[in-house]
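Text of the file final_23.cif, holding mmCIF, C-alpha atoms:
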data_upload
#
loop_
_atom_site.label_atom_id
_atom_site.label_comp_id
_atom_site.auth_asym_id
_atom_site.auth_seq_id
_atom_site.Cartn_x
_atom_site.Cartn_y
_atom_site.Cartn_z
CA MET J 1 107.50 92.24 81.45
CA LEU J 2 108.17 90.82 84.93
CA ARG J 3 107.64 94.33 86.35
CA PRO J 4 110.45 94.25 88.95
CA LYS J 5 109.43 97.73 90.14
CA GLN J 6 106.21 96.21 91.46
CA TRP J 7 108.09 93.59 93.45
CA THR J 8 108.16 96.13 96.28
CA LYS J 9 104.66 94.82 97.10
CA ASN J 10 106.26 91.50 98.03
CA GLY J 11 108.24 93.31 100.71
CA LEU J 12 105.21 92.48 102.85
CA LEU J 13 106.80 89.03 103.31
CA PHE J 14 109.26 90.75 105.66
CA ALA J 15 106.45 92.02 107.91
CA ALA J 16 106.33 88.78 109.91
CA LEU J 17 110.08 89.01 110.48
CA LEU J 18 109.81 92.67 111.50
CA PHE J 19 107.09 91.98 114.08
CA SER J 20 108.91 88.85 115.36
CA PHE J 21 112.06 90.67 116.35
CA GLU J 22 113.31 87.81 118.49
CA GLU J 23 113.27 85.55 115.41
CA ILE J 24 115.69 87.71 113.44
CA ARG J 25 118.68 85.49 112.75
CA THR J 26 120.87 84.91 109.73
CA GLU J 27 118.86 81.80 108.88
CA THR J 28 115.43 83.48 109.03
CA VAL J 29 116.64 86.56 107.15
CA LEU J 30 118.10 84.45 104.33
CA THR J 31 114.96 82.29 104.19
CA THR J 32 112.75 85.36 103.94
CA ILE J 33 114.94 86.87 101.22
CA LEU J 34 114.75 83.62 99.24
CA GLY J 35 110.97 83.55 99.75
CA PHE J 36 110.76 87.15 98.56
CA ILE J 37 112.63 86.26 95.36
CA LEU J 38 110.50 83.17 94.67
CA PHE J 39 107.23 84.99 95.37
CA SER J 40 108.37 87.83 93.13
CA LEU J 41 109.05 85.40 90.29
CA VAL J 42 105.59 83.86 90.69
CA ALA J 43 104.13 87.37 90.70
CA GLY J 44 106.16 88.06 87.56
CA CYS J 45 104.45 85.10 85.88
CA VAL J 46 101.10 86.61 86.83
CA TYR J 47 102.13 89.94 85.28
CA ILE J 48 103.12 88.15 82.07
CA LEU J 49 99.70 86.48 81.93
CA ASN J 50 97.93 89.77 82.70
CA ASP J 51 99.85 91.57 79.97
CA TYR J 52 99.07 88.76 77.54
CA VAL J 53 95.34 88.85 78.28
CA ASP J 54 95.10 92.66 78.41
CA ARG J 55 97.50 93.52 75.59
CA GLU J 56 94.76 94.88 73.31
CA ARG J 57 93.04 96.90 76.04
CA ASP J 58 96.40 98.20 77.31
CA GLN J 59 96.97 99.74 73.87
CA GLN J 60 94.14 102.17 74.73
CA HIS J 61 95.76 103.19 78.04
CA PRO J 62 98.01 106.30 78.00
CA VAL J 63 100.65 104.61 80.17
CA LYS J 64 100.17 100.85 79.79
CA LYS J 65 100.41 101.05 75.99
CA PHE J 66 104.19 101.16 76.41
CA ARG J 67 104.36 97.73 78.08
CA PRO J 68 106.39 95.15 76.09
CA LEU J 69 103.41 93.06 74.92
CA ALA J 70 101.04 95.96 74.28
CA SER J 71 103.68 97.84 72.29
CA GLY J 72 104.70 94.75 70.29
CA GLN J 73 108.29 94.71 71.57
CA VAL J 74 107.90 91.10 72.78
CA ASN J 75 106.22 88.22 70.96
CA PRO J 76 103.12 87.21 73.03
CA THR J 77 103.66 83.45 72.48
CA HIS J 78 107.30 83.61 73.53
CA ALA J 79 106.34 85.59 76.63
CA LEU J 80 103.72 83.01 77.60
CA LEU J 81 106.18 80.11 77.17
CA PHE J 82 108.82 81.89 79.24
CA GLY J 83 106.27 82.56 81.98
CA ALA J 84 105.22 78.88 82.10
CA LEU J 85 108.82 77.69 82.51
CA LEU J 86 109.54 80.34 85.13
CA LEU J 87 106.42 79.37 87.08
CA ILE J 88 107.36 75.68 87.17
CA GLY J 89 110.89 76.47 88.35
CA SER J 90 109.92 79.02 91.02
CA VAL J 91 107.01 76.99 92.47
CA GLY J 92 109.13 73.82 92.51
CA THR J 93 111.84 75.63 94.46
CA ALA J 94 109.23 77.08 96.83
CA PHE J 95 108.06 73.56 97.72
CA VAL J 96 111.65 72.60 98.52
CA VAL J 97 112.03 75.61 100.83
CA ASN J 98 108.70 75.05 102.60
CA PRO J 99 105.78 72.91 101.35
CA ILE J 100 103.15 75.26 102.81
CA PHE J 101 104.90 78.22 101.24
CA GLY J 102 104.78 76.36 97.93
CA VAL J 103 101.03 75.86 98.32
CA LEU J 104 100.57 79.57 99.06
CA CYS J 105 102.49 80.42 95.87
CA ILE J 106 100.12 78.21 93.88
CA VAL J 107 97.06 79.70 95.60
CA TYR J 108 98.38 83.20 94.83
CA PHE J 109 98.88 82.31 91.18
CA ILE J 110 95.44 80.71 90.84
CA LEU J 111 93.81 83.69 92.57
CA ASN J 112 95.45 86.06 90.13
CA VAL J 113 94.61 83.91 87.11
CA SER J 114 90.99 84.01 88.28
CA TYR J 115 91.37 87.77 88.58
CA SER J 116 92.75 88.08 85.04
CA PHE J 117 89.89 86.16 83.45
CA VAL J 118 86.87 86.67 85.72
CA LEU J 119 87.20 88.58 88.98
CA LYS J 120 88.59 91.81 87.54
CA HIS J 121 85.28 92.25 85.72
CA LEU J 122 83.21 91.98 88.93
CA VAL J 123 82.59 95.24 90.74
CA ILE J 124 83.98 95.38 94.32
CA LEU J 125 85.26 91.78 94.07
CA ASP J 126 88.02 93.05 91.78
CA MET J 127 89.43 95.24 94.56
CA MET J 128 88.92 92.58 97.23
CA THR J 129 90.88 90.11 95.11
CA ILE J 130 93.81 92.53 94.95
CA ALA J 131 93.64 92.88 98.74
CA ALA J 132 93.53 89.09 99.18
CA GLY J 133 96.82 88.86 97.30
CA PHE J 134 98.47 91.11 99.90
CA VAL J 135 97.08 89.00 102.74
CA LEU J 136 98.58 85.90 101.12
CA ARG J 137 101.93 87.68 101.02
CA ALA J 138 101.71 88.44 104.74
CA ILE J 139 100.78 84.84 105.55
CA ALA J 140 103.60 83.51 103.36
CA GLY J 141 106.14 85.60 105.26
CA GLY J 142 105.02 84.08 108.57
CA VAL J 143 105.01 80.55 107.19
CA LEU J 144 108.61 80.92 106.02
CA ILE J 145 109.91 81.62 109.54
CA HIS J 146 107.27 79.54 111.40
CA VAL J 147 105.63 82.35 113.40
CA PRO J 148 101.89 82.58 114.22
CA PHE J 149 99.63 85.39 113.06
CA THR J 150 97.40 87.68 115.04
CA PRO J 151 93.95 88.38 113.57
CA TRP J 152 94.50 92.12 113.87
CA PHE J 153 97.68 91.92 111.78
CA LEU J 154 95.83 90.20 108.94
CA ILE J 155 92.88 92.61 109.23
CA CYS J 156 95.24 95.59 109.03
CA THR J 157 96.90 94.06 105.95
CA LEU J 158 93.52 93.48 104.29
CA LEU J 159 92.27 97.01 104.99
CA LEU J 160 95.48 98.72 103.93
CA SER J 161 95.46 96.68 100.72
CA LEU J 162 91.88 97.73 100.02
CA PHE J 163 92.94 101.32 100.63
CA LEU J 164 95.60 101.01 97.91
CA ALA J 165 93.26 99.15 95.52
CA ILE J 166 90.56 101.82 95.85
CA GLY J 167 93.15 104.51 95.18
CA LYS J 168 94.27 102.63 92.08
CA ARG J 169 90.72 102.43 90.71
CA ARG J 170 90.13 106.11 91.44
CA ASN J 171 93.30 107.07 89.59
CA GLU J 172 92.24 104.99 86.58
CA LEU J 173 88.85 106.71 86.51
CA THR J 174 90.49 110.13 86.64
CA LEU J 175 93.16 109.29 84.10
CA LEU J 176 90.87 107.71 81.51
CA GLU J 177 87.99 110.16 82.04
CA GLY J 178 85.13 109.21 79.68
CA ASN J 179 87.05 106.39 77.99
CA THR J 180 87.04 103.99 80.95
CA GLY J 181 85.14 101.09 79.43
CA SER J 182 87.53 100.69 76.49
CA HIS J 183 90.35 99.85 78.90
CA ARG J 184 88.71 98.19 81.91
CA LYS J 185 85.00 97.45 81.67
CA VAL J 186 84.49 97.24 85.44
CA LEU J 187 85.34 100.95 85.71
CA ASP J 188 81.92 101.72 84.23
CA ASN J 189 80.44 100.45 87.51
CA TYR J 190 82.41 102.89 89.64
CA SER J 191 82.25 106.62 90.21
CA ILE J 192 84.61 109.03 91.92
CA THR J 193 81.99 109.68 94.63
CA LEU J 194 81.51 105.97 95.35
CA LEU J 195 85.25 105.29 95.56
CA ASP J 196 85.72 108.29 97.85
CA GLN J 197 83.06 106.85 100.18
CA PHE J 198 84.85 103.48 100.11
CA ASN J 199 88.12 105.22 100.95
CA THR J 200 86.58 107.09 103.87
CA ILE J 201 85.33 103.82 105.38
CA VAL J 202 88.55 101.90 104.77
CA THR J 203 90.82 104.71 106.01
CA THR J 204 88.91 104.93 109.28
CA ALA J 205 88.79 101.16 109.73
CA THR J 206 92.53 100.82 109.00
CA ILE J 207 93.59 103.39 111.58
CA ILE J 208 91.29 101.91 114.24
CA SER J 209 92.40 98.34 113.46
CA TYR J 210 96.08 99.24 113.56
CA SER J 211 95.59 101.06 116.86
CA LEU J 212 93.91 97.97 118.32
CA PHE J 213 96.71 95.82 116.90
CA THR J 214 99.35 97.82 118.79
CA PHE J 215 97.44 97.31 122.06
CA THR J 216 96.30 93.70 121.67
CA SER J 217 99.11 91.94 119.79
CA ASP J 218 100.69 90.54 122.97
CA ARG J 219 103.76 92.66 122.24
CA THR J 220 104.96 95.81 123.94
CA ILE J 221 102.35 98.54 124.29
CA HIS J 222 104.97 101.01 123.07
CA LEU J 223 104.05 100.07 119.50
CA MET J 224 101.37 102.73 120.00
CA TRP J 225 104.03 105.35 119.24
CA THR J 226 103.98 104.23 115.60
CA ILE J 227 100.29 105.14 115.18
CA PRO J 228 101.03 108.77 114.13
CA LEU J 229 103.30 107.48 111.36
CA VAL J 230 100.53 105.25 110.03
CA ILE J 231 98.03 108.13 110.15
CA TYR J 232 100.42 110.50 108.40
CA GLY J 233 101.28 107.92 105.73
CA MET J 234 97.62 107.31 104.90
CA PHE J 235 96.76 111.01 104.92
CA ARG J 236 99.73 111.75 102.69
CA TYR J 237 98.60 109.06 100.25
CA LEU J 238 95.07 110.52 100.22
CA TYR J 239 96.61 113.92 99.51
CA LEU J 240 98.47 112.47 96.52
CA ILE J 241 95.28 110.79 95.25
CA HIS J 242 93.03 113.84 95.54
CA MET J 243 95.41 116.72 94.90
CA LYS J 244 98.07 115.21 92.61
CA ASN J 245 95.99 112.59 90.76
CA GLN J 246 98.43 109.87 91.80
CA GLY J 247 97.79 106.45 93.33
CA GLY J 248 97.61 104.35 90.18
CA SER J 249 100.93 102.69 91.00
CA PRO J 250 101.61 102.39 94.76
CA ASP J 251 105.13 101.10 94.04
CA ARG J 252 105.97 104.29 92.13
CA VAL J 253 104.48 106.46 94.86
CA LEU J 254 106.68 104.71 97.44
CA PHE J 255 109.90 105.63 95.64
CA GLU J 256 108.93 108.91 93.99
CA ASP J 257 107.24 110.64 96.93
CA LYS J 258 109.90 111.44 99.51
CA PRO J 259 107.50 112.04 102.46
CA ILE J 260 105.95 108.58 101.92
CA LEU J 261 109.37 106.93 101.59
CA ILE J 262 110.70 108.68 104.69
CA THR J 263 107.58 107.70 106.64
CA VAL J 264 108.02 104.02 105.72
CA ILE J 265 111.70 104.09 106.68
CA LEU J 266 110.94 105.82 109.99
CA TYR J 267 108.19 103.28 110.68
CA VAL J 268 110.52 100.30 110.17
CA ILE J 269 113.27 101.90 112.29
CA SER J 270 110.75 102.75 115.02
CA VAL J 271 109.38 99.19 115.23
CA ILE J 272 112.90 97.72 115.40
CA CYS J 273 113.97 100.19 118.09
CA ILE J 274 110.82 99.64 120.16
CA PHE J 275 111.27 95.86 120.14
CA ALA J 276 114.98 96.16 120.85
CA ILE J 277 114.48 98.48 123.82
CA PHE J 278 111.23 97.35 125.43
CA GLU J 279 111.28 93.57 124.84
#

Written form, structure tokens:
Amino acid sequence: MLRPKQWTKNGLLFAALLFSFEEIRTETVLTTILGFILFSLVAGCVYILNDYVDRERDQQHPVKKFRPLASGQVNPTHALLFGALLLIGSVGTAFVVNPIFGVLCIVYFILNVSYSFVLKHLVILDMMTIAAGFVLRAIAGGVLIHVPFTPWFLICTLLLSLFLAIGKRRNELTLLEGNTGSHRKVLDNYSITLLDQFNTIVTTATIISYSLFTFTSDRTIHLMWTIPLVIYGMFRYLYLIHMKNQGGSPDRVLFEDKPILITVILYVISVICIFAIFE
């Protein structure tokens, strides 16, 4: 119900710590871990609300019909009450840790509530809302350890998030075939061709933006050596979308596809080593 497997998305909170190598101390690491837990709990409340709102439509989905609320394993009213109590506790703790972080948690929750009731039905805006949630995660990570952001970092986060969101929509179209509207009405406004065009634009923009980020982030220019890993990771994900009909759950792809997982691990190790050696 809280979908802990999807909490991997909140790992983006550690990005600020990764790119602020000099700030890595016991205190900042523990603060980021606590922030990750709190943000994950808030996200869990969003998932509960989403499952509550979509429980009837999810029953038509070949995979989502097994979720606790859609399958009837959990009482919808009890789930909603539990989510409300969890939200109050997690947001309250977030304000104690850092008031701005607490505000970001509330903004994230409100954004996703808006998504559940309105924005997910609006073509293009549905994907942009998903991407905005990732940008909020990145900002929250920086707020926790009091480090500034570079515009290119946020642009890269936005574009990469759009890349994942487009892949998710494409997978849903492929999986549901002609029965798209019964599960998610906005899918009737998309086509495979249109989403492929979106992906072409976003893939190109992401690679260019990340390349510019490595050269203009006021850090060592040796970050450029991580560009091939980013290109390979995106190309591998496109391969999985087009050739394996995957991409509906980026968190599953991360752990189930070994090349993607290895690429992410190598990327993190490379960034740490580059900062440790050249700064």

Expand the PyMOL selection byres ((chain J and resi 107) around 12) into the explicit residue set it covers here, and present it as a PDB file with C-alpha atoms, in the frame of the given file.
ATOM      1  CA  PHE J  39     107.230  84.990  95.370  1.00  0.00           C
ATOM      2  CA  VAL J  42     105.590  83.860  90.690  1.00  0.00           C
ATOM      3  CA  ALA J  43     104.130  87.370  90.700  1.00  0.00           C
ATOM      4  CA  VAL J  46     101.100  86.610  86.830  1.00  0.00           C
ATOM      5  CA  VAL J  91     107.010  76.990  92.470  1.00  0.00           C
ATOM      6  CA  ILE J 100     103.150  75.260 102.810  1.00  0.00           C
ATOM      7  CA  PHE J 101     104.900  78.220 101.240  1.00  0.00           C
ATOM      8  CA  GLY J 102     104.780  76.360  97.930  1.00  0.00           C
ATOM      9  CA  VAL J 103     101.030  75.860  98.320  1.00  0.00           C
ATOM     10  CA  LEU J 104     100.570  79.570  99.060  1.00  0.00           C
ATOM     11  CA  CYS J 105     102.490  80.420  95.870  1.00  0.00           C
ATOM     12  CA  ILE J 106     100.120  78.210  93.880  1.00  0.00           C
ATOM     13  CA  TYR J 108      98.380  83.200  94.830  1.00  0.00           C
ATOM     14  CA  PHE J 109      98.880  82.310  91.180  1.00  0.00           C
ATOM     15  CA  ILE J 110      95.440  80.710  90.840  1.00  0.00           C
ATOM     16  CA  LEU J 111      93.810  83.690  92.570  1.00  0.00           C
ATOM     17  CA  ASN J 112      95.450  86.060  90.130  1.00  0.00           C
ATOM     18  CA  VAL J 113      94.610  83.910  87.110  1.00  0.00           C
ATOM     19  CA  SER J 114      90.990  84.010  88.280  1.00  0.00           C
ATOM     20  CA  ALA J 132      93.530  89.090  99.180  1.00  0.00           C
ATOM     21  CA  GLY J 133      96.820  88.860  97.300  1.00  0.00           C
ATOM     22  CA  VAL J 135      97.080  89.000 102.740  1.00  0.00           C
ATOM     23  CA  LEU J 136      98.580  85.900 101.120  1.00  0.00           C
ATOM     24  CA  ARG J 137     101.930  87.680 101.020  1.00  0.00           C
ATOM     25  CA  ILE J 139     100.780  84.840 105.550  1.00  0.00           C
ATOM     26  CA  ALA J 140     103.600  83.510 103.360  1.00  0.00           C
TER      27      ALA J 140
END

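Among the candidates J:Phe163, J:Phe278, J:Phe117, J:Tyr190, the one nearest to Phe134 (chain J) when counting all atoms listed in the file is J:Phe163.
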
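Distances to Cys273 (chain J) were evaluated for J:Arg3, J:Pro250, J:Gly233, J:Thr226 using all atoms listed in the file, and the minimum falls at J:Thr226.
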
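The two atoms in question, CA of Gly44 (chain J) and CA of Phe82 (chain J), are spaced 10.7 Å apart.
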
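Across the structure, CA of Leu87 (chain J) and CA of Cys45 (chain J) are spaced 6.2 Å apart.
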
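For the pair CA of Ala165 (chain J) and CA of Thr93 (chain J), the interatomic distance is 30.0 Å.
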
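Counting only C-alpha atoms, Ile207 (chain J) has the following residues at most 12 Å away, ignoring those fewer than 6 positions along the same chain: J:Trp152, J:Ile155, J:Cys156, J:Thr157, J:Leu159, J:Leu160, J:Phe163, J:Thr200, J:Ile201, J:Phe213, J:Thr214, J:Met224, J:Thr226, J:Ile227, J:Pro228, J:Leu229, J:Val230, J:Ile231, J:Tyr232, J:Gly233, J:Met234, J:Phe235.
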
Taking all atoms of region 243-258 of chain J that appear in the file, build a box with edges along x, y and z, extend it by 4 Å on every side, and state its centre and edge lengths in Å to one decimal, as AutoDock Vina command-line options.
--center_x 102.7 --center_y 108.9 --center_z 94.8 --size_x 22.5 --size_y 23.6 --size_z 17.3

(message) Could you list, as a ChimeraX atom specification, every residue matched by the PyMOL selection byres ((chain J and resi 126) around 12) in this structure?
(response) /J:111-112,114-125,127-133,162,165-166,168-169,184-187,189-190

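Among the candidates J:Asn10, J:Thr204, J:Ser20, J:Asn199, the one nearest to Ile33 (chain J) when counting only C-alpha atoms is J:Asn10.
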
For this file, the PyMOL selection byres ((chain J and resi 253) around 12) selects which residues, as a PDB file with C-alpha atoms, in the coordinates of the input?
ATOM      1  CA  LYS J   5     109.430  97.730  90.140  1.00  0.00           C
ATOM      2  CA  GLN J   6     106.210  96.210  91.460  1.00  0.00           C
ATOM      3  CA  THR J   8     108.160  96.130  96.280  1.00  0.00           C
ATOM      4  CA  LYS J   9     104.660  94.820  97.100  1.00  0.00           C
ATOM      5  CA  LEU J 164      95.600 101.010  97.910  1.00  0.00           C
ATOM      6  CA  GLY J 167      93.150 104.510  95.180  1.00  0.00           C
ATOM      7  CA  LYS J 168      94.270 102.630  92.080  1.00  0.00           C
ATOM      8  CA  GLY J 233     101.280 107.920 105.730  1.00  0.00           C
ATOM      9  CA  ARG J 236      99.730 111.750 102.690  1.00  0.00           C
ATOM     10  CA  TYR J 237      98.600 109.060 100.250  1.00  0.00           C
ATOM     11  CA  LEU J 238      95.070 110.520 100.220  1.00  0.00           C
ATOM     12  CA  TYR J 239      96.610 113.920  99.510  1.00  0.00           C
ATOM     13  CA  LEU J 240      98.470 112.470  96.520  1.00  0.00           C
ATOM     14  CA  ILE J 241      95.280 110.790  95.250  1.00  0.00           C
ATOM     15  CA  LYS J 244      98.070 115.210  92.610  1.00  0.00           C
ATOM     16  CA  ASN J 245      95.990 112.590  90.760  1.00  0.00           C
ATOM     17  CA  GLN J 246      98.430 109.870  91.800  1.00  0.00           C
ATOM     18  CA  GLY J 247      97.790 106.450  93.330  1.00  0.00           C
ATOM     19  CA  GLY J 248      97.610 104.350  90.180  1.00  0.00           C
ATOM     20  CA  SER J 249     100.930 102.690  91.000  1.00  0.00           C
ATOM     21  CA  PRO J 250     101.610 102.390  94.760  1.00  0.00           C
ATOM     22  CA  ASP J 251     105.130 101.100  94.040  1.00  0.00           C
ATOM     23  CA  ARG J 252     105.970 104.290  92.130  1.00  0.00           C
ATOM     24  CA  LEU J 254     106.680 104.710  97.440  1.00  0.00           C
ATOM     25  CA  PHE J 255     109.900 105.630  95.640  1.00  0.00           C
ATOM     26  CA  GLU J 256     108.930 108.910  93.990  1.00  0.00           C
ATOM     27  CA  ASP J 257     107.240 110.640  96.930  1.00  0.00           C
ATOM     28  CA  LYS J 258     109.900 111.440  99.510  1.00  0.00           C
ATOM     29  CA  PRO J 259     107.500 112.040 102.460  1.00  0.00           C
ATOM     30  CA  ILE J 260     105.950 108.580 101.920  1.00  0.00           C
ATOM     31  CA  LEU J 261     109.370 106.930 101.590  1.00  0.00           C
ATOM     32  CA  ILE J 262     110.700 108.680 104.690  1.00  0.00           C
ATOM     33  CA  VAL J 264     108.020 104.020 105.720  1.00  0.00           C
TER      34      VAL J 264
END
